[in-house]
Amino acid sequence: MRDKFNRFMQGRYGADPFARFTSILACVLIVLSLFCSRNGNLGSALDLLGLILLVYTYFRILSRDHQKRYQENQKYLSATEKIRSRIQQEKNLMGQRKTHHIYSCPGCGQKIRIPRGKGKIEIDCPKCHTKFIKRS
């Protein structure tokens, strides 16, 4: 069975970040339509939109036109670059909080990373050279 599926998917574009986004958005719209079922028009419109997004997602996944699907994915990635980089930056900062204190410079707002356990220290901002005292 697995071999049949692998042969079927050969030459197909497959799932990419844009396909994952559209499928998640479709599921969210379908779930929202369940909560908006009292208002018949809104619930059915959300349900229809979710179904259309699911069909489009599977169309993209099963498509053999790699060039067009790649261009669509690149447009999505470039449109969401700022958001994705901000989320990744926050993930990195949260991971470093176990071993470092992260302070903001009162002069320019630059984030400065100081190892934990150093006691009371004077910090010199590398960007604006403002000196401030913090307890690490």
# chains A, B, ... in the order shown; residues from 1 in each chain; ligands from 1
>>> residues_around(residues="range 41-44 of chain A", least_positions_apart="4", cutoff="10 Å", atoms="only C-alpha atoms", output="list in words")
Leu29, Ile30, Val31, Leu32, Ser33, Leu34, Phe35, Cys36, Ser37, Leu48, Leu49 and Gly50 of chain A
>>> write_last_selection(atoms="N, CA and C atoms", output="compact mmCIF listing (two decimals), in the first residue's frame")
# COMPACT_ATOMS: atom_id res chain seq x y z
N LEU A 29 -11.53 27.77 10.20
CA LEU A 29 -12.80 28.31 9.67
C LEU A 29 -13.94 27.31 9.84
N ILE A 30 -13.66 26.03 9.63
CA ILE A 30 -14.71 25.02 9.79
C ILE A 30 -15.13 24.92 11.26
N VAL A 31 -14.17 24.97 12.18
CA VAL A 31 -14.52 24.92 13.60
C VAL A 31 -15.30 26.18 13.99
N LEU A 32 -14.90 27.34 13.48
CA LEU A 32 -15.65 28.57 13.77
C LEU A 32 -17.07 28.49 13.22
N SER A 33 -17.24 27.84 12.09
CA SER A 33 -18.58 27.72 11.52
C SER A 33 -19.49 26.91 12.44
N LEU A 34 -18.92 25.97 13.20
CA LEU A 34 -19.71 25.20 14.16
C LEU A 34 -20.26 26.11 15.27
N PHE A 35 -19.44 27.08 15.70
CA PHE A 35 -19.88 27.99 16.75
C PHE A 35 -20.82 29.07 16.23
N CYS A 36 -20.75 29.34 14.95
CA CYS A 36 -21.61 30.37 14.35
C CYS A 36 -22.82 29.75 13.66
N SER A 37 -23.18 28.52 14.02
CA SER A 37 -24.27 27.85 13.33
C SER A 37 -25.63 28.48 13.66
N LEU A 48 -18.29 27.03 3.94
CA LEU A 48 -17.98 26.99 2.51
C LEU A 48 -16.56 27.48 2.23
N LEU A 49 -16.18 28.55 2.90
CA LEU A 49 -14.82 29.08 2.71
C LEU A 49 -13.77 28.07 3.18
N GLY A 50 -14.03 27.41 4.30
CA GLY A 50 -13.12 26.38 4.78
C GLY A 50 -13.02 25.22 3.81
>>> residues_around(residues="Arg135 in chain A", least_positions_apart="2", cutoff="9 Å", atoms="only C-alpha atoms", output="list in words")
Gly117, Lys118, Gly119, Lys120, Ile121, Glu122 and Ile133 of chain A
>>> residues_around(residues="range 106-116 of chain A", least_positions_apart="2", cutoff="10 Å", atoms="only C-alpha atoms", output="number ranges by chain")
A: 93, 96-104, 118-119, 121, 123-132, 134-136
>>> atom_distance(atom1="CA of Tyr58 in chain A", atom2="CA of Arg12 in chain A")
11.0 Å
>>> closest_residue(among="A:Cys27, A:Met9, A:Gly95, A:Ser63", to="Leu51 in chain A", atoms="only C-alpha atoms")
A:Cys27
>>> residues_around(residues="Ser23 in chain A", least_positions_apart="5", cutoff="12 Å", atoms="only C-alpha atoms", output="PDB file with N, CA and C atoms, in the first residue's frame")
ATOM      1  N   ALA A  15       3.491  18.877   0.229  1.00  0.00           N
ATOM      2  CA  ALA A  15       3.144  19.906   1.211  1.00  0.00           C
ATOM      3  C   ALA A  15       4.313  20.859   1.427  1.00  0.00           C
ATOM      4  N   ASP A  16       4.008  22.130   1.559  1.00  0.00           N
ATOM      5  CA  ASP A  16       4.996  23.171   1.853  1.00  0.00           C
ATOM      6  C   ASP A  16       4.394  24.073   2.929  1.00  0.00           C
ATOM      7  N   PRO A  17       5.126  25.080   3.400  1.00  0.00           N
ATOM      8  CA  PRO A  17       4.576  25.949   4.460  1.00  0.00           C
ATOM      9  C   PRO A  17       3.258  26.630   4.090  1.00  0.00           C
ATOM     10  N   PHE A  18       3.091  27.014   2.830  1.00  0.00           N
ATOM     11  CA  PHE A  18       1.840  27.655   2.433  1.00  0.00           C
ATOM     12  C   PHE A  18       0.683  26.659   2.475  1.00  0.00           C
ATOM     13  N   VAL A  28      -9.596  25.917  11.020  1.00  0.00           N
ATOM     14  CA  VAL A  28     -10.070  26.947  11.959  1.00  0.00           C
ATOM     15  C   VAL A  28     -11.405  27.518  11.488  1.00  0.00           C
ATOM     16  N   LEU A  29     -11.532  27.769  10.197  1.00  0.00           N
ATOM     17  CA  LEU A  29     -12.797  28.305   9.674  1.00  0.00           C
ATOM     18  C   LEU A  29     -13.937  27.313   9.844  1.00  0.00           C
ATOM     19  N   ILE A  30     -13.665  26.030   9.634  1.00  0.00           N
ATOM     20  CA  ILE A  30     -14.709  25.023   9.792  1.00  0.00           C
ATOM     21  C   ILE A  30     -15.133  24.915  11.255  1.00  0.00           C
ATOM     22  N   LEU A  49     -16.177  28.554   2.897  1.00  0.00           N
ATOM     23  CA  LEU A  49     -14.819  29.081   2.713  1.00  0.00           C
ATOM     24  C   LEU A  49     -13.765  28.070   3.176  1.00  0.00           C
ATOM     25  N   GLY A  50     -14.029  27.409   4.300  1.00  0.00           N
ATOM     26  CA  GLY A  50     -13.122  26.376   4.782  1.00  0.00           C
ATOM     27  C   GLY A  50     -13.019  25.217   3.812  1.00  0.00           C
ATOM     28  N   LEU A  51     -14.126  24.809   3.240  1.00  0.00           N
ATOM     29  CA  LEU A  51     -14.124  23.714   2.270  1.00  0.00           C
ATOM     30  C   LEU A  51     -13.358  24.107   1.003  1.00  0.00           C
ATOM     31  N   ILE A  52     -13.555  25.327   0.549  1.00  0.00           N
ATOM     32  CA  ILE A  52     -12.831  25.805  -0.639  1.00  0.00           C
ATOM     33  C   ILE A  52     -11.326  25.831  -0.376  1.00  0.00           C
ATOM     34  N   LEU A  53     -10.940  26.281   0.835  1.00  0.00           N
ATOM     35  CA  LEU A  53      -9.516  26.292   1.180  1.00  0.00           C
ATOM     36  C   LEU A  53      -8.936  24.882   1.240  1.00  0.00           C
ATOM     37  N   LEU A  54      -9.700  23.922   1.759  1.00  0.00           N
ATOM     38  CA  LEU A  54      -9.214  22.538   1.791  1.00  0.00           C
ATOM     39  C   LEU A  54      -9.036  21.977   0.386  1.00  0.00           C
ATOM     40  N   VAL A  55      -9.972  22.250  -0.497  1.00  0.00           N
ATOM     41  CA  VAL A  55      -9.858  21.789  -1.886  1.00  0.00           C
ATOM     42  C   VAL A  55      -8.632  22.434  -2.538  1.00  0.00           C
ATOM     43  N   TYR A  56      -8.432  23.722  -2.317  1.00  0.00           N
ATOM     44  CA  TYR A  56      -7.266  24.414  -2.883  1.00  0.00           C
ATOM     45  C   TYR A  56      -5.962  23.841  -2.328  1.00  0.00           C
ATOM     46  N   THR A  57      -5.951  23.521  -1.030  1.00  0.00           N
ATOM     47  CA  THR A  57      -4.754  22.944  -0.418  1.00  0.00           C
ATOM     48  C   THR A  57      -4.408  21.612  -1.060  1.00  0.00           C
ATOM     49  N   TYR A  58      -5.406  20.747  -1.221  1.00  0.00           N
ATOM     50  CA  TYR A  58      -5.134  19.453  -1.846  1.00  0.00           C
ATOM     51  C   TYR A  58      -4.774  19.608  -3.321  1.00  0.00           C
ATOM     52  N   PHE A  59      -5.353  20.597  -3.987  1.00  0.00           N
ATOM     53  CA  PHE A  59      -4.964  20.876  -5.369  1.00  0.00           C
ATOM     54  C   PHE A  59      -3.480  21.230  -5.440  1.00  0.00           C
ATOM     55  N   ARG A  60      -3.015  22.068  -4.501  1.00  0.00           N
ATOM     56  CA  ARG A  60      -1.604  22.454  -4.489  1.00  0.00           C
ATOM     57  C   ARG A  60      -0.710  21.260  -4.182  1.00  0.00           C
ATOM     58  N   ILE A  61      -1.105  20.426  -3.209  1.00  0.00           N
ATOM     59  CA  ILE A  61      -0.292  19.286  -2.801  1.00  0.00           C
ATOM     60  C   ILE A  61      -0.174  18.272  -3.938  1.00  0.00           C
TER      61      ILE A  61
END
>>> atom_distance(atom1="CA of Arg20 in chain A", atom2="CA of Leu77 in chain A")
12.1 Å
>>> atom_distance(atom1="CA of Ala26 in chain A", atom2="CA of Gln10 in chain A")
25.8 Å
>>> select_by_dssp(residues="chain A", states="alpha helix (DSSP H)", output="PyMOL selection string")
chain A and resi 2-9+17-35+40-62+66-79+81-96
>>> write_last_selection(atoms="C-alpha atoms", output="PDB file, in the first residue's frame")
ATOM      1  CA  ARG A   2       2.826   2.356   0.879  1.00  0.00           C
ATOM      2  CA  ASP A   3       4.481   1.671  -2.489  1.00  0.00           C
ATOM      3  CA  LYS A   4       1.278   2.549  -4.337  1.00  0.00           C
ATOM      4  CA  PHE A   5       1.041   5.834  -2.467  1.00  0.00           C
ATOM      5  CA  ASN A   6       4.710   6.625  -3.109  1.00  0.00           C
ATOM      6  CA  ARG A   7       4.273   5.936  -6.833  1.00  0.00           C
ATOM      7  CA  PHE A   8       1.166   8.139  -6.882  1.00  0.00           C
ATOM      8  CA  MET A   9       3.013  11.019  -5.205  1.00  0.00           C
ATOM      9  CA  PRO A  17       4.576  25.949   4.460  1.00  0.00           C
ATOM     10  CA  PHE A  18       1.840  27.655   2.433  1.00  0.00           C
ATOM     11  CA  ALA A  19      -0.114  24.393   2.160  1.00  0.00           C
ATOM     12  CA  ARG A  20       0.195  23.865   5.904  1.00  0.00           C
ATOM     13  CA  PHE A  21      -1.031  27.421   6.527  1.00  0.00           C
ATOM     14  CA  THR A  22      -4.055  27.050   4.233  1.00  0.00           C
ATOM     15  CA  SER A  23      -5.010  23.679   5.726  1.00  0.00           C
ATOM     16  CA  ILE A  24      -4.808  25.029   9.291  1.00  0.00           C
ATOM     17  CA  LEU A  25      -6.796  28.118   8.278  1.00  0.00           C
ATOM     18  CA  ALA A  26      -9.435  25.891   6.651  1.00  0.00           C
ATOM     19  CA  CYS A  27      -9.760  23.806   9.820  1.00  0.00           C
ATOM     20  CA  VAL A  28     -10.070  26.947  11.959  1.00  0.00           C
ATOM     21  CA  LEU A  29     -12.797  28.305   9.674  1.00  0.00           C
ATOM     22  CA  ILE A  30     -14.709  25.023   9.792  1.00  0.00           C
ATOM     23  CA  VAL A  31     -14.523  24.924  13.598  1.00  0.00           C
ATOM     24  CA  LEU A  32     -15.651  28.573  13.765  1.00  0.00           C
ATOM     25  CA  SER A  33     -18.584  27.723  11.524  1.00  0.00           C
ATOM     26  CA  LEU A  34     -19.713  25.204  14.160  1.00  0.00           C
ATOM     27  CA  PHE A  35     -19.881  27.986  16.753  1.00  0.00           C
ATOM     28  CA  GLY A  40     -27.134  30.539   9.504  1.00  0.00           C
ATOM     29  CA  ASN A  41     -25.556  32.806   6.900  1.00  0.00           C
ATOM     30  CA  LEU A  42     -22.266  33.368   8.697  1.00  0.00           C
ATOM     31  CA  GLY A  43     -21.885  29.708   9.700  1.00  0.00           C
ATOM     32  CA  SER A  44     -22.508  28.402   6.210  1.00  0.00           C
ATOM     33  CA  ALA A  45     -20.255  31.057   4.648  1.00  0.00           C
ATOM     34  CA  LEU A  46     -17.378  30.080   6.976  1.00  0.00           C
ATOM     35  CA  ASP A  47     -18.025  26.407   6.268  1.00  0.00           C
ATOM     36  CA  LEU A  48     -17.984  26.988   2.509  1.00  0.00           C
ATOM     37  CA  LEU A  49     -14.819  29.081   2.713  1.00  0.00           C
ATOM     38  CA  GLY A  50     -13.122  26.376   4.782  1.00  0.00           C
ATOM     39  CA  LEU A  51     -14.124  23.714   2.270  1.00  0.00           C
ATOM     40  CA  ILE A  52     -12.831  25.805  -0.639  1.00  0.00           C
ATOM     41  CA  LEU A  53      -9.516  26.292   1.180  1.00  0.00           C
ATOM     42  CA  LEU A  54      -9.214  22.538   1.791  1.00  0.00           C
ATOM     43  CA  VAL A  55      -9.858  21.789  -1.886  1.00  0.00           C
ATOM     44  CA  TYR A  56      -7.266  24.414  -2.883  1.00  0.00           C
ATOM     45  CA  THR A  57      -4.754  22.944  -0.418  1.00  0.00           C
ATOM     46  CA  TYR A  58      -5.134  19.453  -1.846  1.00  0.00           C
ATOM     47  CA  PHE A  59      -4.964  20.876  -5.369  1.00  0.00           C
ATOM     48  CA  ARG A  60      -1.604  22.454  -4.489  1.00  0.00           C
ATOM     49  CA  ILE A  61      -0.292  19.286  -2.801  1.00  0.00           C
ATOM     50  CA  LEU A  62      -1.250  17.039  -5.737  1.00  0.00           C
ATOM     51  CA  HIS A  66       6.263  22.733  -9.499  1.00  0.00           C
ATOM     52  CA  GLN A  67       7.198  26.181 -10.813  1.00  0.00           C
ATOM     53  CA  LYS A  68       3.830  27.807 -10.043  1.00  0.00           C
ATOM     54  CA  ARG A  69       3.520  26.171  -6.627  1.00  0.00           C
ATOM     55  CA  TYR A  70       7.065  27.244  -5.770  1.00  0.00           C
ATOM     56  CA  GLN A  71       6.281  30.848  -6.757  1.00  0.00           C
ATOM     57  CA  GLU A  72       3.126  30.816  -4.616  1.00  0.00           C
ATOM     58  CA  ASN A  73       5.092  29.490  -1.654  1.00  0.00           C
ATOM     59  CA  GLN A  74       7.808  32.133  -2.119  1.00  0.00           C
ATOM     60  CA  LYS A  75       5.188  34.903  -2.125  1.00  0.00           C
ATOM     61  CA  TYR A  76       3.752  33.520   1.124  1.00  0.00           C
ATOM     62  CA  LEU A  77       7.195  33.242   2.722  1.00  0.00           C
ATOM     63  CA  SER A  78       8.179  36.783   1.731  1.00  0.00           C
ATOM     64  CA  ALA A  79       4.858  38.185   2.990  1.00  0.00           C
ATOM     65  CA  GLU A  81       9.022  36.963   6.810  1.00  0.00           C
ATOM     66  CA  LYS A  82       8.775  39.679   9.482  1.00  0.00           C
ATOM     67  CA  ILE A  83       6.280  37.734  11.565  1.00  0.00           C
ATOM     68  CA  ARG A  84       8.199  34.461  11.308  1.00  0.00           C
ATOM     69  CA  SER A  85      11.536  36.099  12.166  1.00  0.00           C
ATOM     70  CA  ARG A  86       9.992  37.847  15.187  1.00  0.00           C
ATOM     71  CA  ILE A  87       8.549  34.554  16.453  1.00  0.00           C
ATOM     72  CA  GLN A  88      11.911  32.817  15.960  1.00  0.00           C
ATOM     73  CA  GLN A  89      13.692  35.641  17.791  1.00  0.00           C
ATOM     74  CA  GLU A  90      11.317  35.333  20.750  1.00  0.00           C
ATOM     75  CA  LYS A  91      11.832  31.550  20.832  1.00  0.00           C
ATOM     76  CA  ASN A  92      15.601  32.068  20.967  1.00  0.00           C
ATOM     77  CA  LEU A  93      15.274  34.611  23.786  1.00  0.00           C
ATOM     78  CA  MET A  94      13.031  32.272  25.788  1.00  0.00           C
ATOM     79  CA  GLY A  95      15.570  29.474  25.393  1.00  0.00           C
ATOM     80  CA  GLN A  96      18.386  31.710  26.668  1.00  0.00           C
TER      81      GLN A  96
END
>>> select_by_dssp(residues="chain A", states="strand (DSSP E or B)", output="PyMOL selection string")
chain A and resi 100-104+111-115+120-124+131-135
